[in-house]
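One file, query_8.csv, carrying CSV, C-alpha atoms:
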chain,number,residue,atom,x,y,z
B,15,MET,CA,16.8,10.6,-46.8
B,16,ASP,CA,17.6,11.5,-50.4
B,17,SER,CA,14.4,9.8,-51.6
B,18,VAL,CA,12.4,12.0,-49.2
B,19,LYS,CA,14.0,15.1,-50.6
B,20,LYS,CA,13.4,14.0,-54.2
B,21,LYS,CA,9.8,13.2,-53.4
B,22,PHE,CA,9.3,16.7,-52.1
B,23,LEU,CA,10.5,18.1,-55.4
B,24,VAL,CA,8.4,15.7,-57.4
B,25,ASP,CA,5.4,16.6,-55.3
B,26,GLN,CA,5.9,20.3,-56.2
B,27,LEU,CA,6.0,19.4,-59.9
B,28,ILE,CA,2.9,17.2,-59.6
B,29,ASP,CA,1.0,19.9,-57.7
B,30,SER,CA,1.8,22.5,-60.4
B,31,VAL,CA,0.8,20.1,-63.2
B,32,GLN,CA,-2.5,19.2,-61.4
B,33,ILE,CA,-3.5,22.9,-61.0
B,34,LYS,CA,-2.6,23.7,-64.6
B,35,ALA,CA,-4.7,20.7,-65.7
B,36,ALA,CA,-7.7,21.9,-63.5
B,37,TYR,CA,-7.4,25.3,-65.2
B,38,VAL,CA,-7.1,23.9,-68.7
B,39,ASN,CA,-10.1,21.5,-68.3
B,40,ASP,CA,-12.5,24.2,-67.0
B,41,PRO,CA,-14.7,25.3,-70.0
B,42,VAL,CA,-15.6,28.6,-68.2
B,43,GLN,CA,-11.9,29.5,-67.9
B,44,GLN,CA,-11.3,28.4,-71.5
B,45,GLU,CA,-14.0,30.8,-72.7
B,46,LEU,CA,-12.6,33.6,-70.5
B,47,LEU,CA,-9.1,33.1,-71.9
B,48,HIS,CA,-10.5,33.3,-75.4
B,49,GLN,CA,-12.5,36.5,-74.6
B,50,ILE,CA,-9.5,38.2,-73.0
B,51,SER,CA,-7.2,37.2,-75.9
B,52,GLU,CA,-9.8,38.7,-78.3
B,53,VAL,CA,-10.1,41.9,-76.2
B,54,CYS,CA,-6.4,42.4,-76.3
B,55,THR,CA,-6.2,41.7,-80.0
B,56,LEU,CA,-9.0,44.0,-80.9
B,57,ALA,CA,-7.4,46.8,-78.8
B,58,TYR,CA,-4.2,46.4,-80.8
B,59,LYS,CA,-6.1,46.4,-84.1
B,60,SER,CA,-7.7,49.7,-83.0
B,61,GLY,CA,-4.4,51.3,-82.3
B,62,LYS,CA,-4.6,51.0,-78.5
B,63,LYS,CA,-2.1,49.7,-75.9
B,64,LEU,CA,-1.9,47.5,-72.9
B,65,LEU,CA,-0.9,48.6,-69.4
B,66,ILE,CA,0.1,45.8,-67.0
B,67,ALA,CA,0.8,45.8,-63.3
B,68,GLY,CA,1.4,43.5,-60.3
B,69,ASN,CA,3.4,43.3,-57.0
B,70,GLY,CA,6.4,41.1,-56.3
B,71,GLY,CA,6.3,37.9,-58.4
B,72,SER,CA,3.2,39.4,-60.2
B,73,ALA,CA,5.3,42.4,-61.1
B,74,ALA,CA,7.8,40.1,-62.7
B,75,ASP,CA,4.9,38.4,-64.6
B,76,ALA,CA,3.7,41.8,-65.8
B,77,GLN,CA,7.2,42.7,-67.1
B,78,HIS,CA,7.6,39.3,-68.7
B,79,PHE,CA,4.2,39.7,-70.5
B,80,ALA,CA,5.0,43.2,-71.7
B,81,GLY,CA,8.5,42.3,-72.8
B,82,GLU,CA,7.2,39.6,-75.1
B,83,LEU,CA,4.6,41.9,-76.7
B,84,VAL,CA,7.1,44.7,-77.3
B,85,SER,CA,9.9,42.5,-78.4
B,86,ARG,CA,8.7,39.2,-79.9
B,87,PHE,CA,7.2,35.9,-78.8
B,88,PHE,CA,7.2,33.1,-81.5
B,89,PHE,CA,8.6,35.1,-84.4
B,90,ASP,CA,9.9,38.4,-85.6
B,91,ARG,CA,7.1,41.0,-86.2
B,92,PRO,CA,6.4,44.7,-85.5
B,93,ALA,CA,6.5,45.7,-81.9
B,94,LEU,CA,3.2,45.9,-80.0
B,95,PRO,CA,2.7,48.7,-77.4
B,96,ALA,CA,2.7,47.3,-73.8
B,97,ILE,CA,3.9,49.1,-70.7
B,98,ALA,CA,4.6,47.3,-67.4
B,99,LEU,CA,3.9,49.9,-64.7
B,100,THR,CA,6.5,48.3,-62.4
B,101,THR,CA,9.8,49.1,-64.0
B,102,ASP,CA,10.8,52.8,-63.5
B,103,SER,CA,12.3,53.1,-60.0
B,104,SER,CA,12.2,56.9,-60.1
B,105,ILE,CA,8.5,57.0,-60.9
B,106,LEU,CA,7.7,54.2,-58.4
B,107,THR,CA,9.6,55.9,-55.5
B,108,ALA,CA,8.2,59.3,-56.3
B,109,ILE,CA,4.6,58.2,-56.3
B,110,GLY,CA,5.2,56.0,-53.2
B,111,ASN,CA,6.8,58.9,-51.4
B,112,ASP,CA,4.5,61.7,-52.5
B,113,TYR,CA,1.1,59.9,-52.7
B,114,GLY,CA,1.5,56.5,-51.0
B,115,TYR,CA,2.2,52.9,-52.3
B,116,ASP,CA,-1.5,52.4,-52.9
B,117,GLN,CA,-1.4,55.0,-55.7
B,118,LEU,CA,1.5,53.4,-57.5
B,119,PHE,CA,-0.4,52.2,-60.5
B,120,ALA,CA,-3.4,54.6,-60.4
B,121,ARG,CA,-1.1,57.6,-60.9
B,122,GLN,CA,0.6,56.0,-63.9
B,123,ILE,CA,-2.7,55.0,-65.5
B,124,GLU,CA,-3.8,58.6,-65.1
B,125,ALA,CA,-0.6,59.5,-67.1
B,126,HIS,CA,-0.7,56.8,-69.8
B,127,GLY,CA,-4.2,55.4,-70.0
B,128,ASN,CA,-6.7,56.4,-72.7
B,129,GLU,CA,-10.2,55.3,-73.6
B,130,GLY,CA,-10.1,51.9,-75.3
B,131,ASP,CA,-6.7,51.0,-73.8
B,132,VAL,CA,-6.5,47.8,-71.7
B,133,PHE,CA,-5.3,47.6,-68.1
B,134,ILE,CA,-4.4,44.1,-66.8
B,135,GLY,CA,-4.0,43.9,-63.1
B,136,LEU,CA,-2.3,40.9,-61.5
B,137,SER,CA,-3.0,40.0,-57.9
B,138,THR,CA,-3.0,36.4,-56.5
B,139,SER,CA,-5.4,37.5,-53.7
B,140,GLY,CA,-7.5,39.8,-55.8
B,141,ASN,CA,-7.2,42.4,-53.0
B,142,SER,CA,-4.0,44.3,-53.6
B,143,PRO,CA,-4.9,47.9,-52.8
B,144,ASN,CA,-2.7,49.5,-55.5
B,145,ILE,CA,-4.2,47.1,-58.2
B,146,LEU,CA,-7.7,47.9,-57.0
B,147,LYS,CA,-7.1,51.7,-57.2
B,148,GLY,CA,-5.5,51.2,-60.6
B,149,LEU,CA,-8.6,49.3,-61.8
B,150,HIS,CA,-10.9,52.1,-60.6
B,151,VAL,CA,-8.9,54.8,-62.4
B,152,ALA,CA,-8.8,52.7,-65.6
B,153,LYS,CA,-12.6,52.3,-65.6
B,154,SER,CA,-13.0,56.0,-65.0
B,155,ARG,CA,-10.9,56.7,-68.1
B,156,GLY,CA,-13.0,54.3,-70.3
B,157,MET,CA,-10.3,51.6,-70.4
B,158,ILE,CA,-11.0,47.8,-70.5
B,159,THR,CA,-10.1,46.2,-67.2
B,160,ILE,CA,-8.8,42.7,-66.9
B,161,GLY,CA,-7.8,40.8,-63.8
B,162,TRP,CA,-5.6,37.8,-63.3
B,163,THR,CA,-6.1,36.3,-59.8
B,164,GLY,CA,-6.6,33.2,-57.8
B,165,GLN,CA,-9.5,31.0,-56.9
B,166,VAL,CA,-11.3,33.4,-54.6
B,167,GLY,CA,-11.0,36.5,-56.8
B,168,GLY,CA,-11.3,39.0,-54.0
B,169,LYS,CA,-12.5,42.5,-54.6
B,170,MET,CA,-11.3,42.4,-58.2
B,171,LEU,CA,-14.4,40.4,-59.0
B,172,GLU,CA,-16.5,43.6,-58.5
B,173,ILE,CA,-14.3,45.8,-60.7
B,174,CYS,CA,-12.9,43.9,-63.7
B,175,ASP,CA,-14.7,43.6,-67.0
B,176,HIS,CA,-13.0,40.2,-67.5
B,177,ILE,CA,-11.2,38.1,-64.9
B,178,ILE,CA,-9.2,34.9,-64.9
B,179,ARG,CA,-9.3,32.9,-61.7
B,180,VAL,CA,-6.7,30.2,-61.2
B,181,PRO,CA,-8.2,27.3,-59.2
B,182,SER,CA,-5.7,27.5,-56.3
B,183,GLY,CA,-5.1,29.5,-53.2
B,184,SER,CA,-1.3,29.0,-53.4
B,185,THR,CA,0.6,32.1,-54.5
B,186,PRO,CA,3.4,30.2,-56.4
B,187,ARG,CA,0.9,28.0,-58.2
B,188,ILE,CA,-1.3,30.9,-59.2
B,189,GLN,CA,1.7,32.8,-60.6
B,190,GLU,CA,2.8,29.7,-62.5
B,191,VAL,CA,-0.5,29.6,-64.3
B,192,HIS,CA,-0.4,33.4,-64.8
B,193,GLY,CA,2.8,32.9,-66.7
B,194,LEU,CA,1.2,30.2,-68.9
B,195,ILE,CA,-1.8,32.5,-69.5
B,196,GLY,CA,0.5,35.3,-70.6
B,197,HIS,CA,2.2,33.0,-73.1
B,198,CYS,CA,-1.2,31.8,-74.5
B,199,ILE,CA,-2.4,35.4,-75.0
B,200,CYS,CA,0.9,36.5,-76.6
B,201,ALA,CA,0.7,33.5,-79.1
B,202,TYR,CA,-3.0,34.4,-79.9
B,203,ILE,CA,-2.3,38.0,-80.5
B,204,GLU,CA,0.7,37.3,-82.8
B,205,ARG,CA,-1.3,34.8,-84.8
B,206,GLU,CA,-4.4,37.0,-85.1
B,207,ILE,CA,-2.5,40.2,-86.1
B,208,PHE,CA,0.4,38.9,-88.1
B,209,GLY,CA,-0.8,35.5,-89.3
B,210,ASP,CA,0.2,31.9,-88.6
B,211,LYS,CA,4.0,31.6,-89.0
B,212,SER,CA,4.1,27.9,-87.9
B,213,GLU,CA,4.3,26.6,-91.5

Re-express the file's structure as structure tokens.
Amino acid sequence: MDSVKKKFLVDQLIDSVQIKAAYVNDPVQQELLHQISEVCTLAYKSGKKLLIAGNGGSAADAQHFAGELVSRFFFDRPALPAIALTTDSSILTAIGNDYGYDQLFARQIEAHGNEGDVFIGLSTSGNSPNILKGLHVAKSRGMITIGWTGQVGGKMLEICDHIIRVPSGSTPRIQEVHGLIGHCICAYIEREIFGDKSE
């Protein structure tokens, strides 16, 4: 019986590794990751900021990504402006109560987003209504729109300037790759703006 339970856990690990490998080995996704990393880096070099949002586990991924930009990733350096639109309970409950949950991010983008800023929306389905509304408001304000989603892409495909699609329909597996993507982008931004500190 223990061997069956262990196999279940090992199968989870193997599934995760296989999906990451499929993503890594896709030249289209490699190019998109490079483009998005460049877009974020150029925005910072132009004095702009990143706004990031998601729901549930994707909210945690948004906060994780923002935290490493504002604090640090590989090494000490000046803070980079990034706001996770998922963290202020008073703002979230006020908007949800007064305007509806689907306006959660759109309203905050209206408050904080400026032309040339970047909005990154995370949705494993690509169809989260509050992310879609946030993307529409971001585009109307002249912001760059980026999506992180799953294999299908959903309605985000029609809105985003750049979109990463993880080759899976499994929410946990998609989110695992989103975490990896966030780390890759953080590392790229640090290196491009502050230099290679690996030596």

- Task: Compare B:Ala35, B:Ala80, B:Val42, B:Leu65 by their minimum atom-to-atom distance to Ile199 (chain B), counting all atoms listed in the file, and give me the closest one.
- Result: B:Ala80

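Between CA of Pro92 (chain B) and CA of Leu149 (chain B) there is a distance of 28.4 Å.
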
- Kindly give the distance, in Å, that separates CA of His176 (chain B) and CA of Gln44 (chain B), rounded to a single decimal. 12.6 Å

- Task: Kindly give the distance, in Å, that separates CA of Val191 (chain B) and CA of Lys34 (chain B), rounded to a single decimal.
- Result: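 Taking CA of Val191 (chain B) and CA of Lys34 (chain B), their separation equals 6.3 Å.
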
Counting all atoms listed in the file, find the residues whose atoms lie at most 8 Å from (1.9, 36.2, -66.0) (file coordinates) and write them out as an mmCIF file with C-alpha atoms, in the coordinates of the input.
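Once written, out-v6.cif looks like this:
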data_model
loop_
_atom_site.group_PDB
_atom_site.id
_atom_site.type_symbol
_atom_site.label_atom_id
_atom_site.label_comp_id
_atom_site.auth_asym_id
_atom_site.auth_seq_id
_atom_site.Cartn_x
_atom_site.Cartn_y
_atom_site.Cartn_z
ATOM 1 C CA SER B 72 3.200 39.400 -60.200
ATOM 2 C CA ALA B 74 7.800 40.100 -62.700
ATOM 3 C CA ASP B 75 4.900 38.400 -64.600
ATOM 4 C CA ALA B 76 3.700 41.800 -65.800
ATOM 5 C CA HIS B 78 7.600 39.300 -68.700
ATOM 6 C CA PHE B 79 4.200 39.700 -70.500
ATOM 7 C CA LEU B 136 -2.300 40.900 -61.500
ATOM 8 C CA GLN B 189 1.700 32.800 -60.600
ATOM 9 C CA GLU B 190 2.800 29.700 -62.500
ATOM 10 C CA VAL B 191 -0.500 29.600 -64.300
ATOM 11 C CA HIS B 192 -0.400 33.400 -64.800
ATOM 12 C CA GLY B 193 2.800 32.900 -66.700
ATOM 13 C CA LEU B 194 1.200 30.200 -68.900
ATOM 14 C CA ILE B 195 -1.800 32.500 -69.500
ATOM 15 C CA GLY B 196 0.500 35.300 -70.600
ATOM 16 C CA HIS B 197 2.200 33.000 -73.100
#

- Item | Selection near Gly161 (chain B), 7 Å with all atoms listed in the file, sequence-local residues under 3 positions removed, as a PyMOL selection string | chain B and resi 134-136+170+174+176-178

Writing out the chosen residues with C-alpha atoms as a PDB file, keeping the file's coordinate frame:
ATOM      1  CA  ILE B 134      -4.400  44.100 -66.800  1.00  0.00           C
ATOM      2  CA  GLY B 135      -4.000  43.900 -63.100  1.00  0.00           C
ATOM      3  CA  LEU B 136      -2.300  40.900 -61.500  1.00  0.00           C
ATOM      4  CA  MET B 170     -11.300  42.400 -58.200  1.00  0.00           C
ATOM      5  CA  CYS B 174     -12.900  43.900 -63.700  1.00  0.00           C
ATOM      6  CA  HIS B 176     -13.000  40.200 -67.500  1.00  0.00           C
ATOM      7  CA  ILE B 177     -11.200  38.100 -64.900  1.00  0.00           C
ATOM      8  CA  ILE B 178      -9.200  34.900 -64.900  1.00  0.00           C
TER       9      ILE B 178
END

- Of the candidates B:Ala201, B:Ile66, B:Leu27, B:Ala36, which one gets nearest to Ser182 (chain B) if we count all atoms listed in the file? B:Ala36

- Item | Residue neighbourhood Tyr115 (chain B), 12 Å, only C-alpha atoms, exclusion window fewer than 2 positions, as a list of chain:residue names |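 My list of contacting residues is B:Asn69, B:Thr100, B:Ile105, B:Leu106, B:Thr107, B:Ala108, B:Ile109, B:Gly110, B:Asn111, B:Asp112, B:Tyr113, B:Gln117, B:Leu118, B:Phe119, B:Ala120, B:Arg121, B:Ser142, B:Pro143, B:Asn144, B:Ile145, B:Lys147, B:Gly148.
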
- Query: Closest to Ala125 (chain B) among B:Val151, B:Ile158, B:Ile50, B:Arg179, using all atoms listed in the file?
  - Reply: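 Among the listed residues, B:Val151 lies closest to Ala125 (chain B).
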
- Tell me, as a PyMOL selection string, which residues lie within 12 Å of Ser60 (chain B), counting all atoms listed in the file; anything in the same chain fewer than 2 positions away does not count. chain B and resi 53-58+62-64+94-95+129-132+207

- For the point (-10.6, 35.5, -54.0) in file coordinates, what residues are within 12 Å, counting all atoms listed in the file? Give the answer as number ranges by chain? B: 137-142, 161-172, 177-185, 188
